[in-house]
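Visitor: File work_36.cif follows (mmCIF, C-alpha atoms and all ligand atoms):
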data_my_file
#
loop_
_atom_site.label_atom_id
_atom_site.label_comp_id
_atom_site.auth_asym_id
_atom_site.auth_seq_id
_atom_site.Cartn_x
_atom_site.Cartn_y
_atom_site.Cartn_z
CA MET F 649 19.38 7.78 -50.90
CA THR F 650 18.40 4.96 -48.62
CA ASP F 651 20.15 1.62 -48.68
CA SER F 652 18.51 -0.91 -50.96
CA ILE F 653 17.45 -3.11 -48.04
CA THR F 654 15.55 -0.16 -46.56
CA SER F 655 14.06 0.65 -49.96
CA LEU F 656 12.72 -2.85 -50.18
CA ILE F 657 10.92 -2.29 -46.89
CA HIS F 658 9.94 1.36 -47.37
CA HIS F 659 9.18 1.40 -51.08
CA PRO F 660 7.35 4.53 -52.23
CA TYR F 661 5.27 2.88 -54.93
CA GLN F 662 1.53 2.77 -54.30
CA PRO F 663 -0.64 0.78 -56.71
CA PRO F 664 -3.47 2.81 -58.25
CA ALA F 665 -6.72 2.86 -56.29
CA GLY F 666 -9.95 1.57 -57.76
CA PHE F 667 -9.01 -2.04 -58.42
CA ALA F 668 -12.23 -4.01 -58.80
CA ALA F 669 -12.61 -7.75 -59.31
CA PRO F 670 -15.01 -10.52 -58.25
CA GLN F 671 -13.09 -11.46 -55.13
CA PRO F 672 -12.39 -8.93 -52.37
CA GLY F 673 -8.77 -8.40 -51.38
CA VAL F 674 -7.05 -10.36 -48.66
CA PHE F 675 -5.65 -7.95 -46.07
CA LYS F 676 -3.22 -9.38 -43.57
CA ALA F 677 -2.02 -7.58 -40.48
CA SER F 678 -1.06 -7.67 -36.91
CA THR F 679 0.27 -4.08 -37.03
CA VAL F 680 -1.91 -1.43 -38.60
CA PHE F 681 -0.39 2.04 -39.26
CA PHE F 682 -1.90 5.22 -37.88
CA PRO F 683 -1.32 8.49 -39.73
CA ASN F 684 -0.05 10.19 -36.54
CA VAL F 685 0.06 9.87 -32.75
CA ALA F 686 -3.16 11.80 -32.26
CA ALA F 687 -4.96 9.33 -34.50
CA MET F 688 -3.47 6.45 -32.54
CA ARG F 689 -4.82 7.91 -29.30
CA GLU F 690 -8.16 8.77 -30.79
CA PHE F 691 -9.10 5.69 -32.81
CA ASP F 692 -11.48 3.45 -30.92
CA TRP F 693 -10.79 -0.22 -31.67
CA LYS F 694 -14.53 -0.94 -31.45
CA ASP F 695 -15.36 1.54 -34.19
CA LYS F 696 -15.60 -0.29 -37.49
CA THR F 697 -15.06 2.84 -39.57
CA ALA F 698 -11.32 2.55 -38.87
CA TYR F 699 -8.53 0.08 -38.12
CA THR F 700 -6.39 -0.24 -35.01
CA TYR F 701 -4.92 -3.73 -34.88
CA GLY F 702 -5.17 -6.90 -36.94
CA LEU F 703 -6.99 -8.74 -34.17
CA HIS F 704 -9.70 -6.08 -34.13
CA GLY F 705 -10.42 -6.34 -37.82
CA THR F 706 -9.21 -5.80 -41.37
CA PRO F 707 -11.14 -4.97 -44.56
CA THR F 708 -11.32 -8.72 -45.20
CA THR F 709 -12.85 -9.65 -41.85
CA TYR F 710 -15.20 -6.64 -41.80
CA MET F 711 -16.46 -7.67 -45.22
CA LEU F 712 -17.07 -11.25 -44.13
CA GLU F 713 -18.87 -10.06 -40.98
CA GLU F 714 -21.24 -7.88 -43.00
CA ARG F 715 -22.08 -10.69 -45.43
CA LEU F 716 -22.75 -13.11 -42.59
CA CYS F 717 -25.13 -10.57 -41.02
CA VAL F 718 -27.07 -10.59 -44.28
CA LEU F 719 -27.07 -14.40 -44.36
CA GLU F 720 -28.62 -14.72 -40.91
CA GLY F 721 -30.58 -11.48 -40.77
CA GLY F 722 -28.62 -10.04 -37.84
CA ARG F 723 -26.90 -6.69 -37.34
CA GLN F 724 -23.54 -7.45 -35.72
CA CYS F 725 -21.09 -10.31 -36.17
CA LEU F 726 -17.97 -11.59 -34.43
CA LEU F 727 -15.63 -14.06 -36.10
CA VAL F 728 -13.95 -16.79 -34.07
CA PRO F 729 -11.59 -19.65 -34.95
CA SER F 730 -14.23 -22.42 -34.84
CA GLY F 731 -17.88 -23.13 -34.19
CA LEU F 732 -16.97 -24.42 -30.77
CA ALA F 733 -15.10 -21.18 -30.02
CA ALA F 734 -18.34 -19.33 -30.83
CA ILE F 735 -20.18 -21.43 -28.24
CA ALA F 736 -17.41 -20.85 -25.67
CA THR F 737 -17.31 -17.10 -26.33
CA VAL F 738 -21.03 -16.78 -25.62
CA ALA F 739 -20.63 -18.71 -22.35
CA LEU F 740 -17.60 -16.73 -21.19
CA ALA F 741 -19.14 -13.38 -22.07
CA LEU F 742 -22.51 -13.94 -20.42
CA LEU F 743 -22.02 -16.32 -17.49
CA LYS F 744 -20.41 -15.87 -14.10
CA SER F 745 -20.08 -17.98 -10.98
CA GLY F 746 -23.51 -18.85 -9.57
CA ASP F 747 -25.27 -18.63 -12.94
CA GLU F 748 -26.92 -21.54 -14.67
CA VAL F 749 -27.02 -22.41 -18.37
CA LEU F 750 -29.69 -24.70 -19.83
CA ILE F 751 -28.71 -26.92 -22.73
CA PRO F 752 -30.91 -29.20 -24.83
CA ASP F 753 -30.22 -32.86 -24.25
CA ASN F 754 -29.47 -33.31 -27.98
CA ALA F 755 -26.99 -30.40 -28.21
CA TYR F 756 -23.70 -30.52 -30.06
CA GLY F 757 -21.58 -32.82 -27.83
CA PRO F 758 -18.57 -30.56 -27.18
CA SER F 759 -20.95 -27.82 -25.99
CA LYS F 760 -22.10 -30.21 -23.25
CA ALA F 761 -18.48 -31.11 -22.48
CA LEU F 762 -17.62 -27.42 -21.96
CA ALA F 763 -20.49 -27.10 -19.47
CA GLU F 764 -19.45 -30.28 -17.67
CA SER F 765 -15.81 -29.28 -17.23
CA GLU F 766 -14.63 -25.63 -17.48
CA LEU F 767 -17.99 -24.02 -16.70
CA MET F 768 -18.48 -26.34 -13.70
CA HIS F 769 -14.97 -25.56 -12.41
CA TRP F 770 -15.79 -21.86 -12.59
CA GLY F 771 -18.94 -22.30 -10.52
CA ILE F 772 -21.36 -22.10 -13.45
CA THR F 773 -23.97 -24.84 -13.29
CA HIS F 774 -25.90 -26.41 -16.15
CA ARG F 775 -28.94 -28.58 -16.64
CA TYR F 776 -30.11 -30.43 -19.70
CA PHE F 777 -33.67 -30.11 -20.89
CA ASP F 778 -35.81 -32.25 -23.18
CA PRO F 779 -35.83 -30.39 -26.51
CA MET F 780 -39.13 -31.99 -27.49
CA ASN F 781 -41.02 -31.02 -24.34
CA PRO F 782 -41.40 -27.23 -23.92
CA ALA F 783 -42.85 -27.78 -20.43
CA ASP F 784 -39.52 -29.26 -19.37
CA LEU F 785 -37.67 -26.10 -20.41
CA ALA F 786 -40.23 -23.92 -18.65
CA ASP F 787 -39.78 -25.98 -15.46
CA LYS F 788 -36.02 -25.68 -15.53
CA ILE F 789 -35.75 -21.92 -15.98
CA THR F 790 -35.08 -20.43 -12.53
CA SER F 791 -33.78 -17.12 -11.18
CA ASN F 792 -30.24 -18.49 -11.65
CA THR F 793 -30.76 -19.20 -15.35
CA LYS F 794 -28.90 -16.66 -17.46
CA LEU F 795 -28.56 -18.43 -20.79
CA VAL F 796 -30.53 -21.05 -22.71
CA TRP F 797 -29.02 -22.81 -25.70
CA LEU F 798 -31.28 -23.92 -28.52
CA GLU F 799 -30.52 -26.09 -31.50
CA ALA F 800 -32.70 -27.08 -34.47
CA ALA F 801 -32.48 -29.77 -35.65
CA GLY F 802 -30.67 -31.52 -32.80
CA SER F 803 -27.17 -32.86 -33.34
CA VAL F 804 -27.02 -36.49 -34.47
CA THR F 805 -30.67 -37.35 -33.72
CA LEU F 806 -32.10 -34.49 -35.81
CA GLU F 807 -35.35 -34.11 -33.91
CA PHE F 808 -36.86 -30.70 -34.57
CA PRO F 809 -38.05 -28.76 -31.51
CA ASP F 810 -40.84 -26.21 -31.20
CA LEU F 811 -38.26 -23.47 -31.53
CA CYS F 812 -40.81 -20.64 -31.49
CA GLU F 813 -42.23 -21.82 -28.19
CA GLN F 814 -38.75 -22.28 -26.71
CA VAL F 815 -37.76 -18.74 -27.70
CA ARG F 816 -41.04 -17.39 -26.33
CA GLN F 817 -40.31 -19.02 -22.97
CA CYS F 818 -36.84 -17.53 -22.81
CA LYS F 819 -38.22 -14.07 -23.61
CA ALA F 820 -40.97 -14.42 -21.01
CA ALA F 821 -38.36 -15.36 -18.38
CA GLY F 822 -35.95 -12.62 -19.45
CA VAL F 823 -33.03 -14.96 -20.10
CA TYR F 824 -30.70 -14.85 -23.06
CA CYS F 825 -31.45 -17.40 -25.73
CA ALA F 826 -28.64 -18.43 -28.01
CA LEU F 827 -29.28 -20.61 -31.03
CA ASP F 828 -26.72 -22.93 -32.57
CA ASN F 829 -27.80 -22.22 -36.14
CA THR F 830 -25.26 -24.40 -37.94
CA TRP F 831 -27.87 -26.77 -39.37
CA GLY F 832 -30.23 -24.06 -40.64
CA ALA F 833 -27.22 -21.98 -41.73
CA GLY F 834 -29.37 -18.86 -42.22
CA LEU F 835 -31.08 -20.59 -45.16
CA ALA F 836 -33.64 -23.02 -43.72
CA PHE F 837 -35.11 -20.30 -41.48
CA LYS F 838 -34.20 -16.82 -40.29
CA PRO F 839 -33.37 -16.77 -36.57
CA PHE F 840 -34.09 -13.05 -36.10
CA ASP F 841 -37.21 -12.88 -38.22
CA LEU F 842 -40.92 -13.59 -38.15
CA VAL F 843 -42.06 -17.19 -38.37
CA PRO F 844 -43.21 -17.65 -42.00
CA GLY F 845 -46.88 -16.89 -42.49
CA THR F 846 -47.34 -15.44 -38.99
CA GLN F 847 -46.70 -12.24 -37.08
CA GLN F 848 -44.89 -14.25 -34.43
CA PRO F 849 -41.23 -13.28 -34.07
CA LEU F 850 -38.60 -15.96 -33.68
CA SER F 851 -35.96 -13.41 -32.62
CA VAL F 852 -33.29 -15.27 -30.72
CA ASP F 853 -30.76 -13.08 -28.91
CA ILE F 854 -27.70 -14.73 -30.39
CA SER F 855 -27.12 -17.03 -33.34
CA ILE F 856 -23.85 -18.90 -33.50
CA HIS F 857 -22.81 -20.66 -36.68
CA ALA F 858 -20.04 -23.18 -37.36
CA LEU F 859 -18.87 -21.59 -40.62
CA THR F 860 -16.77 -24.75 -40.85
CA LYS F 861 -19.85 -26.42 -42.37
CA TYR F 862 -21.87 -24.84 -45.22
CA PRO F 863 -20.32 -21.35 -45.41
CA SER F 864 -16.91 -22.97 -45.94
CA GLY F 865 -18.33 -25.81 -48.00
CA GLY F 866 -14.93 -27.33 -48.57
CA GLY F 867 -14.15 -29.33 -45.46
CA ASP F 868 -10.96 -27.28 -45.21
CA VAL F 869 -11.69 -24.27 -42.99
CA LEU F 870 -12.47 -23.98 -39.28
CA MET F 871 -14.34 -20.82 -38.32
CA GLY F 872 -17.34 -19.64 -36.33
CA SER F 873 -19.54 -16.57 -36.03
CA VAL F 874 -21.58 -14.96 -33.26
CA ILE F 875 -24.41 -12.87 -34.65
CA THR F 876 -26.70 -10.52 -32.75
CA GLN F 877 -29.27 -7.80 -33.35
CA ASP F 878 -28.86 -5.84 -30.14
CA GLU F 879 -25.93 -3.44 -29.99
CA SER F 880 -25.42 -3.62 -26.22
CA LEU F 881 -25.45 -7.41 -26.22
CA HIS F 882 -23.02 -7.39 -29.14
CA MET F 883 -20.69 -5.06 -27.20
CA LYS F 884 -20.74 -7.37 -24.21
CA LEU F 885 -19.71 -10.26 -26.46
CA LYS F 886 -17.21 -8.15 -28.38
CA LEU F 887 -15.35 -6.98 -25.25
CA CYS F 888 -14.99 -10.58 -24.06
CA HIS F 889 -13.98 -11.67 -27.57
CA MET F 890 -11.25 -9.00 -27.60
CA ARG F 891 -9.95 -9.88 -24.13
CA LEU F 892 -9.78 -13.55 -25.07
CA GLY F 893 -7.71 -12.63 -28.10
CA LEU F 894 -9.88 -14.46 -30.60
CA GLY F 895 -9.35 -13.77 -34.27
CA VAL F 896 -9.34 -15.51 -37.65
CA GLY F 897 -6.74 -15.72 -40.39
CA ALA F 898 -7.19 -13.61 -43.52
CA ASN F 899 -6.75 -16.59 -45.84
CA ASP F 900 -9.47 -18.50 -44.03
CA ALA F 901 -11.77 -15.47 -44.20
CA GLU F 902 -11.02 -15.30 -47.91
CA LEU F 903 -12.01 -18.95 -48.39
CA VAL F 904 -15.36 -18.36 -46.72
CA LEU F 905 -15.92 -15.17 -48.78
CA ARG F 906 -15.17 -17.26 -51.88
CA SER F 907 -17.71 -19.92 -50.90
CA LEU F 908 -20.61 -17.75 -49.74
CA PRO F 909 -21.98 -16.91 -53.22
CA SER F 910 -22.56 -20.61 -53.98
CA MET F 911 -23.87 -21.50 -50.55
CA THR F 912 -27.60 -21.33 -51.36
CA LEU F 913 -27.12 -23.58 -54.40
CA ARG F 914 -24.98 -26.04 -52.48
CA TYR F 915 -27.39 -26.14 -49.54
CA ARG F 916 -30.25 -26.90 -51.92
CA ALA F 917 -28.27 -29.64 -53.66
CA HIS F 918 -27.26 -31.26 -50.35
CA ASP F 919 -30.88 -31.04 -49.23
CA GLU F 920 -32.32 -32.63 -52.37
CA THR F 921 -29.98 -35.62 -52.38
CA THR F 922 -30.37 -36.08 -48.64
CA ARG F 923 -34.15 -36.28 -48.88
CA GLU F 924 -33.94 -38.82 -51.69
CA LEU F 925 -31.58 -41.04 -49.74
CA ALA F 926 -33.48 -40.68 -46.48
CA LEU F 927 -36.71 -41.71 -48.25
CA TRP F 928 -34.92 -44.65 -49.82
CA CYS F 929 -33.60 -45.74 -46.42
CA GLU F 930 -37.14 -45.58 -45.01
CA GLN F 931 -38.08 -48.38 -47.43
CA ARG F 932 -35.19 -50.62 -46.36
CA HIS F 933 -35.87 -53.43 -43.91
CA GLU F 934 -32.53 -52.97 -42.08
CA PHE F 935 -33.60 -49.76 -40.35
CA ALA F 936 -35.96 -49.32 -37.43
CA GLN F 937 -36.08 -45.54 -37.90
CA VAL F 938 -34.83 -42.84 -40.25
CA LEU F 939 -34.28 -39.42 -38.69
CA HIS F 940 -34.62 -36.42 -41.01
CA PRO F 941 -36.94 -33.52 -40.13
CA ALA F 942 -38.59 -33.44 -43.57
CA LEU F 943 -39.79 -37.05 -43.19
CA LEU F 944 -43.36 -37.32 -41.97
CA ASN F 945 -42.48 -39.76 -39.18
CA SER F 946 -39.39 -38.00 -37.94
CA PRO F 947 -39.68 -36.47 -34.45
CA GLY F 948 -40.75 -32.83 -34.64
CA HIS F 949 -41.60 -32.93 -38.36
CA ILE F 950 -44.54 -30.60 -37.76
CA TYR F 951 -42.30 -27.91 -36.21
CA TRP F 952 -39.84 -28.20 -39.06
CA GLN F 953 -42.69 -27.79 -41.53
CA THR F 954 -43.95 -24.66 -39.78
CA LEU F 955 -40.58 -22.96 -39.58
CA CYS F 956 -38.66 -24.06 -42.64
CA ARG F 957 -39.92 -23.01 -46.00
CA ASN F 958 -39.60 -25.96 -48.31
CA ASP F 959 -38.87 -23.88 -51.39
CA ALA F 960 -35.76 -22.37 -49.81
CA GLY F 961 -34.29 -25.88 -49.57
CA GLY F 962 -34.83 -26.07 -45.87
CA ALA F 963 -33.54 -29.34 -44.48
CA ALA F 964 -29.73 -29.37 -44.81
CA GLY F 965 -27.68 -32.43 -45.70
CA LEU F 966 -27.85 -34.71 -42.68
CA PHE F 967 -29.85 -37.76 -41.78
CA SER F 968 -29.44 -40.60 -39.31
CA VAL F 969 -30.64 -44.17 -39.29
CA ILE F 970 -31.26 -46.46 -36.35
CA PHE F 971 -30.54 -50.05 -37.27
CA LYS F 972 -32.96 -52.74 -36.12
CA PRO F 973 -31.84 -54.24 -32.78
CA GLU F 974 -30.84 -57.55 -34.41
CA PHE F 975 -27.79 -55.82 -35.94
CA SER F 976 -24.73 -55.74 -33.68
CA GLN F 977 -22.22 -52.94 -33.39
CA ALA F 978 -19.69 -55.16 -35.16
CA GLN F 979 -22.06 -55.63 -38.13
CA VAL F 980 -22.78 -51.92 -38.33
CA ASP F 981 -19.04 -51.22 -38.23
CA VAL F 982 -18.58 -53.60 -41.17
CA PHE F 983 -21.33 -51.72 -43.02
CA CYS F 984 -19.58 -48.35 -42.41
CA ASN F 985 -16.22 -49.73 -43.49
CA ALA F 986 -17.76 -51.21 -46.64
CA LEU F 987 -18.91 -47.79 -47.90
CA GLN F 988 -16.67 -46.45 -50.65
CA LEU F 989 -17.95 -42.98 -51.54
CA PHE F 990 -18.94 -42.20 -47.95
CA LYS F 991 -15.79 -41.50 -45.96
CA ILE F 992 -15.54 -42.05 -42.21
CA GLY F 993 -15.07 -38.65 -40.59
CA TYR F 994 -16.53 -35.87 -38.47
CA SER F 995 -18.06 -32.58 -39.52
CA TRP F 996 -20.15 -31.88 -42.62
CA GLY F 997 -20.94 -29.30 -45.26
CA GLY F 998 -18.23 -30.30 -47.73
CA PRO F 999 -18.48 -31.99 -51.14
CA ILE F 1000 -17.72 -35.50 -49.85
CA SER F 1001 -20.32 -37.65 -48.10
CA LEU F 1002 -19.44 -38.83 -44.61
CA VAL F 1003 -20.60 -41.51 -42.20
CA VAL F 1004 -20.22 -41.74 -38.41
CA PRO F 1005 -21.56 -44.47 -36.10
CA TYR F 1006 -22.58 -42.95 -32.75
CA GLU F 1007 -22.97 -44.55 -29.35
CA LEU F 1008 -26.21 -42.87 -28.46
CA ALA F 1009 -26.49 -44.56 -25.07
CA ASN F 1010 -23.42 -42.61 -23.92
CA MET F 1011 -24.71 -39.35 -25.36
CA ARG F 1012 -28.28 -39.47 -24.06
CA PRO F 1013 -28.37 -40.91 -20.51
CA THR F 1014 -32.12 -41.45 -20.85
CA TRP F 1015 -33.01 -42.88 -24.23
CA PRO F 1016 -35.69 -40.57 -25.70
CA SER F 1017 -39.10 -42.20 -25.95
CA TYR F 1018 -39.47 -41.09 -29.58
CA LEU F 1019 -36.35 -42.99 -30.69
CA GLN F 1020 -36.28 -46.68 -31.52
CA ARG F 1021 -33.61 -48.81 -29.87
CA GLY F 1022 -30.65 -49.77 -31.97
CA ILE F 1023 -27.33 -48.58 -33.29
CA LEU F 1024 -27.35 -45.10 -34.78
CA VAL F 1025 -25.39 -44.05 -37.84
CA ARG F 1026 -25.35 -40.49 -39.15
CA PHE F 1027 -24.80 -39.63 -42.79
CA SER F 1028 -23.69 -36.27 -44.03
CA ILE F 1029 -24.50 -36.00 -47.71
CA GLY F 1030 -22.02 -34.31 -50.00
CA LEU F 1031 -22.46 -33.16 -53.57
CA GLU F 1032 -22.04 -36.54 -55.31
CA SER F 1033 -24.82 -37.95 -57.49
CA SER F 1034 -27.71 -39.34 -55.56
CA SER F 1035 -27.80 -42.61 -57.51
CA ASP F 1036 -24.10 -43.28 -56.92
CA LEU F 1037 -24.55 -42.71 -53.19
CA GLN F 1038 -27.61 -44.95 -53.15
CA ALA F 1039 -25.69 -47.72 -54.93
CA ASP F 1040 -22.88 -47.35 -52.38
CA LEU F 1041 -25.35 -47.66 -49.47
CA SER F 1042 -27.05 -50.61 -51.11
CA LYS F 1043 -23.81 -52.48 -51.64
CA ALA F 1044 -22.61 -51.84 -48.08
CA LEU F 1045 -25.99 -52.97 -46.69
CA SER F 1046 -25.55 -56.26 -48.49
CA THR F 1047 -22.70 -57.03 -46.05
CA LEU F 1048 -25.34 -57.38 -43.33
CA ARG F 1049 -26.91 -60.46 -44.90
C1 LIG J 1 -19.61 -28.67 -36.19
C2 LIG J 1 -20.55 -28.03 -35.22
C3 LIG J 1 -20.09 -27.13 -34.26
C4 LIG J 1 -18.63 -26.82 -34.07
O1 LIG J 1 -17.98 -26.34 -35.16
P1 LIG J 1 -16.37 -26.48 -35.27
O2 LIG J 1 -16.02 -25.40 -36.23
O3 LIG J 1 -16.08 -27.85 -35.74
O4 LIG J 1 -15.83 -26.20 -33.90
C5 LIG J 1 -21.02 -26.55 -33.43
N1 LIG J 1 -22.32 -26.84 -33.52
C6 LIG J 1 -22.81 -27.70 -34.42
C7 LIG J 1 -24.26 -27.98 -34.47
C8 LIG J 1 -21.94 -28.33 -35.29
O5 LIG J 1 -22.41 -29.22 -36.15
#
Go ahead and express the file in the form of structure tokens.
Guide:
Amino acid sequence: MTDSITSLIHHPYQPPAGFAAPQPGVFKASTVFFPNVAAMREFDWKDKTAYTYGLHGTPTTYMLEERLCVLEGGRQCLLVPSGLAAIATVALALLKSGDEVLIPDNAYGPSKALAESELMHWGITHRYFDPMNPADLADKITSNTKLVWLEAAGSVTLEFPDLCEQVRQCKAAGVYCALDNTWGAGLAFKPFDLVPGTQQPLSVDISIHALTKYPSGGGDVLMGSVITQDESLHMKLKLCHMRLGLGVGANDAELVLRSLPSMTLRYRAHDETTRELALWCEQRHEFAQVLHPALLNSPGHIYWQTLCRNDAGGAAGLFSVIFKPEFSQAQVDVFCNALQLFKIGYSWGGPISLVVPYELANMRPTWPSYLQRGILVRFSIGLESSSDLQADLSKALSTLR
């Protein structure tokens, strides 16, 4: 007879096997038990047919990894605590002192900040290239270049690059190309697949995804993924990932698993409302330019059209406007504050629409020739009704008169 305190810890009851329900179970662990010492010595932490330690995976995280591979068309997946951690993991796994990384000028801001601080301190150099001029990327690839980041559409300014050509150049030069696929989310286009209607492969080496956005869909989870197709490249990333001690919480993994089944529907709904509002903004006299890749006049529209199949709902839920130069920052701030349904806040992919004014001059040292001058505001469209959002925009614009 053991003491009752011990019985509470070592209880013999095992629930019956075979429980089946819509949601997978949430398995939590740091410690994982081995059946015996020999098994402990023998089990390889990298082998996903078994379990060794919570950080190396549980049924919950393995399940999420497999589903994310399906989403993006890759073969292997690593989970990390944020989209930015996914970007950092790729850099730390692949770059060493003396190497150079090339980053598009319109990349996600904190990715540039990582290159400008930690990577620089570690002797890793970086250069920015013009995402809309493939010749500029070709010129900047040298024997020191080990990694090229790609992003489509670009953060904040949403210009759409000739991604196929950029990938082709990376392949020709034998450098790793990593795509920040947060915007496309595995739905607008497939980063490891053929370009629609052609035999031309897109086939990036690595796709990172801020699961924080559409896969979460709630504005309440931070997570990232690093997806690959090549086993040896995956192993390189996985070893670094393990040594850095990166892992995700089971409850967060559960939330993403819960949201994935509705992701295609949500993405389509975000997309539809966003296009309506972007088109409406194009008719307004306050704006010098509306940036949304599905708009005919938006930079890189033709590349978006080639790559993103319209019927799949291929343009996400973001658009930006550039106010005419006669509007001051103070006026634009009043406009943002006057919005009621649109909240002021970073990130996107959740049910609530968001607005952020950006200081583009600080983000893009040379103002791109394809952008009008003026103050830029980015909208992230949630799941509210399009007409309510339009009325909100209209009312807030009236403050500018
Ligand atoms: C949000 C975002 C990230 C970072 O994701 P976090 O989970 O917030 O760290 C990376 N890239 C892009 C394009 C993003 O929009």
Visitor: Counting only C-alpha atoms and all ligand atoms, which protein, DNA or RNA residues come within 8 Å of ligand LIG 1 (chain J), given as a compact mmCIF listing (two decimals) with C-alpha atoms, in the coordinates of the input?
Guide:
# COMPACT_ATOMS: atom_id res chain seq x y z
CA PRO F 729 -11.59 -19.65 -34.95
CA SER F 730 -14.23 -22.42 -34.84
CA GLY F 731 -17.88 -23.13 -34.19
CA LEU F 732 -16.97 -24.42 -30.77
CA ALA F 733 -15.10 -21.18 -30.02
CA ALA F 734 -18.34 -19.33 -30.83
CA ILE F 735 -20.18 -21.43 -28.24
CA ALA F 755 -26.99 -30.40 -28.21
CA TYR F 756 -23.70 -30.52 -30.06
CA PRO F 758 -18.57 -30.56 -27.18
CA SER F 759 -20.95 -27.82 -25.99
CA GLU F 799 -30.52 -26.09 -31.50
CA GLY F 802 -30.67 -31.52 -32.80
CA SER F 803 -27.17 -32.86 -33.34
CA ASP F 828 -26.72 -22.93 -32.57
CA ASN F 829 -27.80 -22.22 -36.14
CA THR F 830 -25.26 -24.40 -37.94
CA TRP F 831 -27.87 -26.77 -39.37
CA HIS F 857 -22.81 -20.66 -36.68
CA ALA F 858 -20.04 -23.18 -37.36
CA LEU F 859 -18.87 -21.59 -40.62
CA THR F 860 -16.77 -24.75 -40.85
CA LYS F 861 -19.85 -26.42 -42.37
CA LEU F 870 -12.47 -23.98 -39.28
CA MET F 871 -14.34 -20.82 -38.32
CA GLY F 872 -17.34 -19.64 -36.33
CA SER F 995 -18.06 -32.58 -39.52
CA TRP F 996 -20.15 -31.88 -42.62
Visitor: Once you count only C-alpha atoms, what closest atom pair and distance in Å to one decimal does each residue of range 739-843 of chain F within 10 Å of range 1010-1027 of chain F have, with rows by chain and rising residue number, as CSV?
Guide:
residue,atom,partner,partner_atom,distance
F:Asp753,CA,F:Arg1012,CA,6.9
F:Asn754,CA,F:Arg1012,CA,7.4
F:Ala755,CA,F:Met1011,CA,9.7
F:Gly757,CA,F:Met1011,CA,7.7
F:Lys760,CA,F:Met1011,CA,9.7
F:Asp778,CA,F:Pro1016,CA,8.7
F:Met780,CA,F:Tyr1018,CA,9.3
F:Ser803,CA,F:Arg1026,CA,9.8
F:Val804,CA,F:Arg1026,CA,6.4
F:Thr805,CA,F:Arg1026,CA,8.2
F:Leu806,CA,F:Arg1026,CA,9.6
F:Glu807,CA,F:Tyr1018,CA,9.2
Visitor: Have a look at CA of Pro660 in chain F and CA of Asp695 in chain F and let me know their distance in Å, one decimal.
Guide: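 Atom-to-atom, CA of Pro660 in chain F and CA of Asp695 in chain F are spaced 29.2 Å apart.
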Visitor: Kindly assemble as a Markdown table a list of the range 975-995 of chain F residues that lie within 10 Å of range 1036-1039 of chain F, each paired with its nearest atom pair and their distance in Å to one decimal, using all atoms listed in the file, sorted first by chain and then by ascending residue number.
Guide:
| residue | atom | partner | partner_atom | distance |
| --- | --- | --- | --- | --- |
| F:Leu987 | CA | F:Leu1037 | CA | 9.3 |
| F:Gln988 | CA | F:Leu1037 | CA | 9.1 |
| F:Leu989 | CA | F:Leu1037 | CA | 6.8 |
| F:Phe990 | CA | F:Leu1037 | CA | 7.7 |
Visitor: Of the candidates F:Thr700, F:Ser1001, F:Ser1028, F:Ser873, which shows the shortest atom-to-atom distance to Leu966 in chain F, using only C-alpha atoms?
Guide: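 Closest to Leu966 in chain F of all the choices is F:Ser1028.
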Visitor: Using only C-alpha atoms, which residue out of F:Lys694, F:Arg932, F:Arg916, F:His659 lies closest to Met883 in chain F?
Guide: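 Checking each of F:Lys694, F:Arg932, F:Arg916, F:His659 against Met883 in chain F, counting only C-alpha atoms, the winner is F:Lys694.
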Visitor: Please identify all polymer residues lying at most 12 Å from the point (-34.7, -50.9, -42.0) (file coordinates), using all atoms listed in the file, and present the result as a JSON list (two decimals) with C-alpha atoms, in the coordinates of the input.
Guide:
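out-v9.json written:
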[["chain", "number", "residue", "atom", "x", "y", "z"],
["F", 926, "ALA", "CA", -33.48, -40.68, -46.48],
["F", 927, "LEU", "CA", -36.71, -41.71, -48.25],
["F", 928, "TRP", "CA", -34.92, -44.65, -49.82],
["F", 929, "CYS", "CA", -33.60, -45.74, -46.42],
["F", 930, "GLU", "CA", -37.14, -45.58, -45.01],
["F", 931, "GLN", "CA", -38.08, -48.38, -47.43],
["F", 932, "ARG", "CA", -35.19, -50.62, -46.36],
["F", 933, "HIS", "CA", -35.87, -53.43, -43.91],
["F", 934, "GLU", "CA", -32.53, -52.97, -42.08],
["F", 935, "PHE", "CA", -33.60, -49.76, -40.35],
["F", 936, "ALA", "CA", -35.96, -49.32, -37.43],
["F", 937, "GLN", "CA", -36.08, -45.54, -37.90],
["F", 938, "VAL", "CA", -34.83, -42.84, -40.25],
["F", 939, "LEU", "CA", -34.28, -39.42, -38.69],
["F", 968, "SER", "CA", -29.44, -40.60, -39.31],
["F", 969, "VAL", "CA", -30.64, -44.17, -39.29],
["F", 970, "ILE", "CA", -31.26, -46.46, -36.35],
["F", 971, "PHE", "CA", -30.54, -50.05, -37.27],
["F", 972, "LYS", "CA", -32.96, -52.74, -36.12],
["F", 973, "PRO", "CA", -31.84, -54.24, -32.78],
["F", 974, "GLU", "CA", -30.84, -57.55, -34.41],
["F", 975, "PHE", "CA", -27.79, -55.82, -35.94],
["F", 1020, "GLN", "CA", -36.28, -46.68, -31.52],
["F", 1022, "GLY", "CA", -30.65, -49.77, -31.97],
["F", 1023, "ILE", "CA", -27.33, -48.58, -33.29],
["F", 1024, "LEU", "CA", -27.35, -45.10, -34.78],
["F", 1042, "SER", "CA", -27.05, -50.61, -51.11],
["F", 1045, "LEU", "CA", -25.99, -52.97, -46.69],
["F", 1048, "LEU", "CA", -25.34, -57.38, -43.33]]
